[in-house]
file input.cif (mmCIF, C-alpha atoms)
data_query
#
loop_
_atom_site.label_atom_id
_atom_site.label_comp_id
_atom_site.auth_asym_id
_atom_site.auth_seq_id
_atom_site.Cartn_x
_atom_site.Cartn_y
_atom_site.Cartn_z
CA MET A 1 -42.01 -34.56 19.61
CA GLY A 2 -42.31 -30.86 18.96
CA ASP A 3 -41.05 -28.90 15.95
CA LYS A 4 -37.50 -29.54 14.90
CA ILE A 5 -35.09 -26.74 15.74
CA ASN A 6 -32.55 -25.21 13.39
CA LEU A 7 -29.10 -26.44 14.33
CA LEU A 8 -26.30 -23.97 13.74
CA GLY A 9 -22.60 -24.70 13.42
CA SER A 10 -20.47 -22.77 15.94
CA PHE A 11 -18.87 -20.65 13.19
CA GLU A 12 -22.29 -19.96 11.66
CA GLU A 13 -23.57 -18.85 15.06
CA ILE A 14 -20.64 -16.47 15.57
CA VAL A 15 -21.16 -15.00 12.09
CA LEU A 16 -24.89 -14.48 12.78
CA LEU A 17 -24.10 -12.83 16.12
CA ALA A 18 -21.51 -10.58 14.43
CA ILE A 19 -24.09 -9.49 11.83
CA ARG A 20 -26.58 -8.74 14.60
CA HIS A 21 -23.95 -6.81 16.56
CA LEU A 22 -22.90 -4.71 13.56
CA GLY A 23 -26.44 -3.78 12.51
CA ASP A 24 -26.47 -1.53 9.44
CA ASN A 25 -22.69 -1.72 8.98
CA ALA A 26 -22.54 -5.49 8.45
CA TYR A 27 -20.40 -6.06 5.37
CA GLY A 28 -17.37 -8.31 4.77
CA VAL A 29 -14.55 -6.35 6.46
CA PRO A 30 -16.22 -5.48 9.83
CA ILE A 31 -17.85 -8.95 10.02
CA ARG A 32 -14.45 -10.56 9.56
CA GLN A 33 -12.87 -8.27 12.17
CA ALA A 34 -15.68 -8.98 14.66
CA VAL A 35 -15.39 -12.75 14.11
CA GLU A 36 -11.60 -12.61 14.53
CA GLU A 37 -11.94 -10.59 17.75
CA ALA A 38 -14.54 -12.99 19.11
CA THR A 39 -12.68 -16.19 18.22
CA LYS A 40 -9.13 -14.82 18.74
CA ARG A 41 -8.01 -16.50 15.52
CA SER A 42 -7.64 -15.40 11.92
CA THR A 43 -10.41 -16.18 9.47
CA SER A 44 -9.91 -16.34 5.73
CA VAL A 45 -12.18 -14.26 3.57
CA GLY A 46 -13.06 -17.38 1.55
CA ALA A 47 -14.24 -19.26 4.66
CA LEU A 48 -16.30 -16.27 5.75
CA TYR A 49 -18.04 -15.81 2.41
CA THR A 50 -18.67 -19.57 2.05
CA THR A 51 -20.45 -19.46 5.43
CA LEU A 52 -22.35 -16.28 4.52
CA GLU A 53 -23.48 -17.91 1.27
CA ARG A 54 -24.69 -20.99 3.16
CA LEU A 55 -26.56 -18.85 5.68
CA GLU A 56 -28.19 -16.96 2.83
CA GLU A 57 -29.22 -20.24 1.18
CA LYS A 58 -30.88 -21.23 4.47
CA GLU A 59 -32.60 -17.80 4.43
CA PHE A 60 -31.11 -16.85 7.81
CA ILE A 61 -29.67 -13.69 6.30
CA SER A 62 -30.21 -11.58 3.20
CA SER A 63 -27.79 -9.35 1.33
CA TYR A 64 -27.95 -6.17 -0.70
CA GLN A 65 -25.43 -4.16 -2.66
CA GLY A 66 -23.98 -1.05 -1.05
CA GLU A 67 -21.85 1.85 -2.16
CA ALA A 68 -18.50 1.62 -3.95
CA THR A 69 -15.54 3.48 -2.47
CA ARG A 70 -12.14 4.49 -3.78
CA GLU A 71 -10.20 2.37 -1.27
CA ARG A 72 -12.14 -0.66 -2.50
CA GLY A 73 -11.00 0.01 -6.06
CA GLY A 74 -14.48 1.18 -7.08
CA ARG A 75 -16.08 -2.13 -6.03
CA ALA A 76 -19.42 -2.19 -4.25
CA LYS A 77 -19.87 -3.44 -0.68
CA ARG A 78 -22.26 -6.30 0.02
CA TYR A 79 -24.24 -5.68 3.20
CA PHE A 80 -25.86 -8.50 5.17
CA ARG A 81 -29.05 -8.34 7.21
CA LEU A 82 -30.34 -10.83 9.78
CA GLU A 83 -33.74 -12.29 8.81
CA GLY A 84 -36.52 -13.74 10.98
CA ALA A 85 -35.32 -17.32 10.43
CA GLY A 86 -31.81 -16.30 11.50
CA ILE A 87 -33.09 -14.71 14.72
CA GLN A 88 -35.12 -17.88 15.38
CA ALA A 89 -32.03 -20.01 14.78
CA LEU A 90 -30.09 -17.96 17.36
CA ILE A 91 -32.94 -18.32 19.86
CA ASP A 92 -33.08 -22.09 19.21
CA ALA A 93 -29.31 -22.40 19.71
CA ASP A 94 -29.60 -20.60 23.04
CA LEU A 95 -32.60 -22.70 24.10
CA SER A 96 -30.87 -25.99 23.25
CA ARG A 97 -27.88 -24.87 25.35
CA ARG A 98 -30.15 -24.14 28.33
CA TYR A 99 -32.19 -27.32 27.89
CA PHE A 100 -30.20 -29.41 30.37
CA GLY A 101 -30.53 -26.69 32.99
CA LEU A 102 -26.88 -26.80 34.01
CA PRO A 103 -24.81 -23.65 34.54
CA MET A 104 -22.01 -23.07 32.05
CA PRO A 105 -18.68 -24.60 33.20
CA ASN A 106 -16.24 -22.08 34.64
CA ALA A 107 -12.47 -21.76 34.13
CA GLN A 108 -11.65 -23.71 37.33
CA GLU A 109 -13.63 -26.72 36.08
CA GLY A 110 -11.78 -26.56 32.75
CA ALA A 111 -8.40 -26.53 34.50
CA ARG A 112 -9.18 -29.73 36.44
CA MET B 1 -21.74 4.52 -14.60
CA THR B 2 -19.07 6.78 -13.12
CA SER B 3 -15.90 7.60 -15.06
CA GLU B 4 -13.85 5.68 -12.45
CA THR B 5 -15.94 2.53 -12.98
CA ARG B 6 -15.72 2.98 -16.75
CA ILE B 7 -11.92 3.22 -16.67
CA ARG B 8 -11.75 0.15 -14.40
CA LEU B 9 -13.99 -1.75 -16.83
CA ILE B 10 -11.79 -0.81 -19.79
CA ALA B 11 -8.68 -1.82 -17.79
CA ARG B 12 -10.32 -5.17 -17.01
CA VAL B 13 -11.19 -5.77 -20.68
CA LEU B 14 -7.62 -4.87 -21.69
CA LEU B 15 -6.26 -7.29 -19.07
CA MET B 16 -8.46 -10.09 -20.41
CA LEU B 17 -7.35 -9.31 -23.99
CA ASN B 18 -3.75 -9.41 -22.78
CA ILE B 19 -4.27 -12.85 -21.28
CA VAL B 20 -5.96 -14.13 -24.47
CA ALA B 21 -3.09 -12.72 -26.58
CA LEU B 22 -0.52 -14.36 -24.30
CA PHE B 23 -2.37 -17.67 -24.54
CA LEU B 24 -2.47 -17.43 -28.37
CA VAL B 25 1.28 -16.63 -28.52
CA PHE B 26 1.99 -19.59 -26.27
CA PHE B 27 -0.24 -21.87 -28.40
CA TRP B 28 1.52 -20.72 -31.58
CA MET B 29 4.93 -21.38 -29.97
CA TYR B 30 3.78 -24.84 -28.85
CA GLN B 31 2.67 -25.58 -32.43
CA SER B 32 5.98 -24.33 -33.85
CA PHE B 33 8.53 -25.54 -31.29
CA GLY B 34 6.76 -28.47 -29.63
CA LYS B 35 7.44 -29.20 -25.97
CA GLY B 36 10.39 -26.75 -25.90
CA ALA B 37 7.78 -23.98 -25.75
CA LEU B 38 6.89 -25.13 -22.22
CA PHE B 39 10.04 -23.32 -21.06
CA PHE B 40 8.75 -20.06 -22.52
CA PRO B 41 6.96 -18.86 -19.32
CA PHE B 42 10.06 -19.59 -17.21
CA ILE B 43 12.32 -17.71 -19.63
CA MET B 44 9.85 -14.81 -19.68
CA GLY B 45 9.83 -14.78 -15.87
CA ILE B 46 13.63 -14.61 -15.69
CA VAL B 47 13.75 -11.84 -18.34
CA LEU B 48 11.12 -9.76 -16.48
CA ARG B 49 12.92 -10.25 -13.15
CA LEU B 50 16.25 -9.16 -14.70
CA ARG B 51 14.55 -6.14 -16.27
CA ALA B 52 13.09 -5.14 -12.90
CA LEU B 53 16.51 -5.52 -11.25
CA ILE B 54 18.18 -3.34 -13.89
CA ARG B 55 15.44 -0.71 -13.59
CA ASN B 56 15.81 -0.78 -9.82
CA GLN B 57 19.57 -0.26 -10.05
CA GLN B 58 19.02 2.67 -12.39
CA GLY B 59 16.69 4.19 -9.80
CA MET B 60 13.63 3.81 -11.99
CA GLN B 61 10.26 3.04 -10.45
CA PRO B 62 8.47 -0.13 -11.58
CA LYS B 63 5.31 0.60 -13.52
CA ASP B 64 2.90 -0.92 -10.97
CA GLU B 65 3.92 1.49 -8.22
CA VAL B 66 2.17 4.33 -10.02
CA SER B 67 -1.56 3.82 -9.58
CA LEU B 68 -4.34 5.18 -11.74
CA PHE B 69 -6.08 6.84 -8.78
CA ASP B 70 -3.14 7.41 -6.40
CA ALA B 71 -4.37 4.41 -4.39
CA PRO B 72 -2.26 1.27 -3.95
CA VAL B 73 -3.19 -1.52 -6.36
CA ALA B 74 -3.33 -5.12 -5.16
CA PRO B 75 -1.42 -7.78 -7.16
CA LYS B 76 -3.32 -8.46 -10.37
CA SER B 77 -2.32 -12.13 -10.57
CA ALA B 78 -3.80 -12.83 -7.12
CA GLN B 79 -6.94 -10.92 -8.08
CA LEU B 80 -7.19 -13.04 -11.22
CA ILE B 81 -7.11 -16.26 -9.14
CA LEU B 82 -10.01 -14.97 -7.05
CA TYR B 83 -11.84 -13.72 -10.14
CA LEU B 84 -11.66 -17.17 -11.74
CA LEU B 85 -12.52 -19.18 -8.62
CA LEU B 86 -15.25 -17.12 -6.99
CA PRO B 87 -18.91 -17.32 -8.00
CA LYS B 88 -20.12 -14.21 -9.81
CA LYS B 89 -22.27 -13.11 -6.86
CA GLN B 90 -19.34 -13.04 -4.40
CA ARG B 91 -16.66 -11.77 -6.76
CA GLU B 92 -17.07 -8.01 -6.39
CA ALA B 93 -17.62 -8.09 -2.62
CA VAL B 94 -14.67 -10.39 -1.83
CA ILE B 95 -12.17 -8.61 -4.10
CA GLY B 96 -13.44 -5.23 -2.82
CA ASP B 97 -13.08 -6.30 0.83
CA LEU B 98 -9.53 -7.52 0.24
CA GLU B 99 -8.67 -4.34 -1.68
CA GLU B 100 -9.98 -2.23 1.23
CA GLN B 101 -7.83 -4.15 3.72
CA TYR B 102 -4.91 -4.09 1.29
CA THR B 103 -4.97 -0.27 1.42
CA GLU B 104 -4.65 -0.44 5.22
CA ALA B 105 -1.96 -3.14 5.02
CA ASN B 106 -0.05 -0.98 2.54
CA GLN B 107 0.07 1.87 5.07
CA CYS B 108 1.32 -0.41 7.86
CA LEU B 109 3.57 -2.89 6.02
CA GLY B 110 4.60 -1.10 2.83
CA LYS B 111 3.95 -2.33 -0.73
CA ARG B 112 5.98 -5.52 -0.53
CA GLY B 113 4.54 -6.55 2.84
CA ALA B 114 1.02 -5.74 1.69
CA ASP B 115 1.52 -7.79 -1.50
CA PHE B 116 2.67 -10.75 0.60
CA TRP B 117 -0.32 -10.30 2.93
CA TYR B 118 -2.64 -10.24 -0.09
CA TYR B 119 -1.20 -13.47 -1.54
CA VAL B 120 -1.57 -15.18 1.86
CA GLN B 121 -5.22 -14.07 2.03
CA VAL B 122 -5.89 -15.39 -1.47
CA LEU B 123 -4.15 -18.73 -0.87
CA THR B 124 -5.94 -19.34 2.45
CA SER B 125 -9.24 -18.49 0.77
CA VAL B 126 -8.80 -20.92 -2.11
CA TRP B 127 -9.31 -24.06 0.02
CA PRO B 128 -12.76 -23.17 1.49
CA ILE B 129 -13.97 -22.08 -1.96
CA LEU B 130 -12.71 -25.27 -3.63
CA SER B 131 -14.09 -27.51 -0.86
CA SER B 132 -17.53 -25.89 -1.19
CA TRP B 133 -17.38 -26.55 -4.96
CA THR B 134 -16.31 -30.16 -4.32
CA ARG B 135 -19.19 -30.66 -1.85
CA LYS B 136 -21.69 -29.39 -4.42
CA LEU B 137 -20.19 -31.58 -7.17
CA LEU B 138 -20.23 -34.64 -4.89
CA LYS B 139 -23.90 -34.02 -4.09
CA LEU B 140 -24.67 -33.78 -7.83
CA GLY B 141 -22.57 -36.88 -8.55
CA GLY B 142 -24.30 -38.78 -5.72
CA ALA B 143 -27.72 -37.80 -7.04
CA ALA B 144 -26.74 -38.85 -10.57
CA LEU B 145 -25.41 -42.21 -9.28
CA LEU B 146 -28.58 -42.80 -7.26
CA GLY B 147 -30.68 -41.99 -10.34
CA HIS B 148 -28.59 -44.43 -12.39
CA TRP B 149 -29.03 -47.22 -9.82
CA LEU B 150 -32.76 -46.60 -9.54
CA HIS B 151 -33.05 -46.68 -13.33
CA GLN B 152 -31.17 -49.99 -13.46
CA PHE B 153 -33.32 -51.36 -10.61
CA THR B 154 -36.60 -50.49 -12.34
CA GLN B 155 -35.38 -51.94 -15.68
CA ARG B 156 -35.01 -55.43 -14.12
#
call {"tool": "encode", "arguments": {"input": "input.cif", "output": "structure tokens"}}
result
Amino acid sequence: MGDKINLLGSFEEIVLLAIRHLGDNAYGVPIRQAVEEATKRSTSVGALYTTLERLEEKEFISSYQGEATRERGGRAKRYFRLEGAGIQALIDADLSRRYFGLPMPNAQEGAR
Amino acid sequence: MTSETRIRLIARVLLMLNIVALFLVFFWMYQSFGKGALFFPFIMGIVLRLRALIRNQQGMQPKDEVSLFDAPVAPKSAQLILYLLLPKKQREAVIGDLEEQYTEANQCLGKRGADFWYYVQVLTSVWPILSSWTRKLLKLGGAALLGHWLHQFTQR
């Protein structure tokens, strides 16, 4: 057997993709908005930060403190950045999905 | 440190002193009046609500509608819940994020609607935070139990 791949939860994967999509502007508020738009459901800030913390523990992402603004009550932003392990985890998730070589099911199949 | 941050820090210290003072008053009342003092917070709540109603009828603005920096201020009690529950690393970012969205909610929904929105956000956030704590505690407890069993096993 080859090297083990990093398995991601579906929410973790969406959060990682949102961070990648946002680039340099990846902090709590836009990440949450992007996740909500992608999943079409509301996400609590607690759930989001718990996931971000877990991803940081796994070294998939890193964080750094940003600027404080007046509308945030003088509190600093916490920006997130995708790390090499995180990119690898996304690649692994995509590879494991393609492993069986089947096309993704379409809406007609789902309606059956 | 900017003057804005300094004032916020002082306000935070004053808030904490307020809470400590309230706790001491309540402790003193409990010592003096026994279990009857448990009604004290309820009575205080009713008195404050009546005061707000009277002020409202007189056309006076409640104190919390006038902000220090002309920006809407999120409910302090909800912020305190987050402050106590969140790990130190997340605290500033989470409260800041909610405050930023609260400002937008205040423009769309008004103060009362935005306050309600804020409380909903805090309450829905409490469960994931608590469950992550519980998971960590269970892991620690499991490790301690395993250690205890191994110790007992090697003693035989």
call {"tool": "resolve_selection", "arguments": {"input": "input.cif", "expression": "the PyMOL selection byres ((chain A) within 7 of (chain B))", "output": "ChimeraX atom specification"}}
result
/A:28-29,44-47,50,71-78
call {"tool": "residues_around", "arguments": {"input": "input.cif", "residues": "range 16-27 of chain A", "least_positions_apart": "4", "cutoff": "6 Å", "atoms": "only C-alpha atoms", "output": "PyMOL selection string"}}
result
chain A and resi 31+78-80
call {"tool": "resolve_selection", "arguments": {"input": "input.cif", "expression": "the PyMOL selection byres ((chain A and resi 10) around 12)", "output": "MDAnalysis selection string"}}
result
chainID A and resid 7:9 11:17 35 38:39 51 89:90 93:94
call {"tool": "atom_distance", "arguments": {"input": "input.cif", "atom1": "CA of Leu82 in chain A", "atom2": "CA of Ser62 in chain A"}}
result
6.6 Å
call {"tool": "axis_aligned_box", "arguments": {"input": "input.cif", "around": "range 68-87 of chain A", "padding_each_side": "8 Å", "output": "lines of an AutoDock Vina configuration file"}}
result
center_x = -23.4
center_y = -6.4
center_z = 3.8
size_x = 42.3
size_y = 37.8
size_z = 37.8
call {"tool": "atom_distance", "arguments": {"input": "input.cif", "atom1": "CA of Ser63 in chain A", "atom2": "CA of Gln33 in chain A"}}
result
18.5 Å
call {"tool": "build_atoms", "arguments": {"input": "input.cif", "residues": "range 125-138 of chain B", "atoms": "N, CA and C atoms", "output": "mmCIF file, in the coordinates of the input"}}
result
data_model
loop_
_atom_site.group_PDB
_atom_site.id
_atom_site.type_symbol
_atom_site.label_atom_id
_atom_site.label_comp_id
_atom_site.auth_asym_id
_atom_site.auth_seq_id
_atom_site.Cartn_x
_atom_site.Cartn_y
_atom_site.Cartn_z
ATOM 1 N N SER B 125 -7.827 -18.527 1.156
ATOM 2 C CA SER B 125 -9.240 -18.490 0.770
ATOM 3 C C SER B 125 -9.578 -19.529 -0.290
ATOM 4 N N VAL B 126 -8.550 -19.998 -0.997
ATOM 5 C CA VAL B 126 -8.800 -20.920 -2.110
ATOM 6 C C VAL B 126 -9.393 -22.237 -1.601
ATOM 7 N N TRP B 127 -8.870 -22.756 -0.471
ATOM 8 C CA TRP B 127 -9.310 -24.060 0.020
ATOM 9 C C TRP B 127 -10.813 -24.080 0.387
ATOM 10 N N PRO B 128 -11.318 -23.131 1.197
ATOM 11 C CA PRO B 128 -12.760 -23.170 1.490
ATOM 12 C C PRO B 128 -13.629 -23.062 0.246
ATOM 13 N N ILE B 129 -13.177 -22.252 -0.729
ATOM 14 C CA ILE B 129 -13.970 -22.080 -1.960
ATOM 15 C C ILE B 129 -13.995 -23.404 -2.729
ATOM 16 N N LEU B 130 -12.791 -24.019 -2.874
ATOM 17 C CA LEU B 130 -12.710 -25.270 -3.630
ATOM 18 C C LEU B 130 -13.483 -26.389 -2.921
ATOM 19 N N SER B 131 -13.400 -26.423 -1.576
ATOM 20 C CA SER B 131 -14.090 -27.510 -0.860
ATOM 21 C C SER B 131 -15.607 -27.347 -0.974
ATOM 22 N N SER B 132 -16.080 -26.087 -1.013
ATOM 23 C CA SER B 132 -17.530 -25.890 -1.190
ATOM 24 C C SER B 132 -17.955 -26.337 -2.592
ATOM 25 N N TRP B 133 -17.115 -26.069 -3.594
ATOM 26 C CA TRP B 133 -17.380 -26.550 -4.960
ATOM 27 C C TRP B 133 -17.433 -28.077 -4.973
ATOM 28 N N THR B 134 -16.419 -28.693 -4.318
ATOM 29 C CA THR B 134 -16.310 -30.160 -4.320
ATOM 30 C C THR B 134 -17.554 -30.766 -3.680
ATOM 31 N N ARG B 135 -18.007 -30.147 -2.553
ATOM 32 C CA ARG B 135 -19.190 -30.660 -1.850
ATOM 33 C C ARG B 135 -20.414 -30.632 -2.786
ATOM 34 N N LYS B 136 -20.552 -29.507 -3.511
ATOM 35 C CA LYS B 136 -21.690 -29.390 -4.420
ATOM 36 C C LYS B 136 -21.600 -30.427 -5.544
ATOM 37 N N LEU B 137 -20.378 -30.611 -6.079
ATOM 38 C CA LEU B 137 -20.190 -31.580 -7.170
ATOM 39 C C LEU B 137 -20.462 -32.998 -6.684
ATOM 40 N N LEU B 138 -20.003 -33.301 -5.440
ATOM 41 C CA LEU B 138 -20.230 -34.640 -4.890
ATOM 42 C C LEU B 138 -21.717 -34.908 -4.704
#
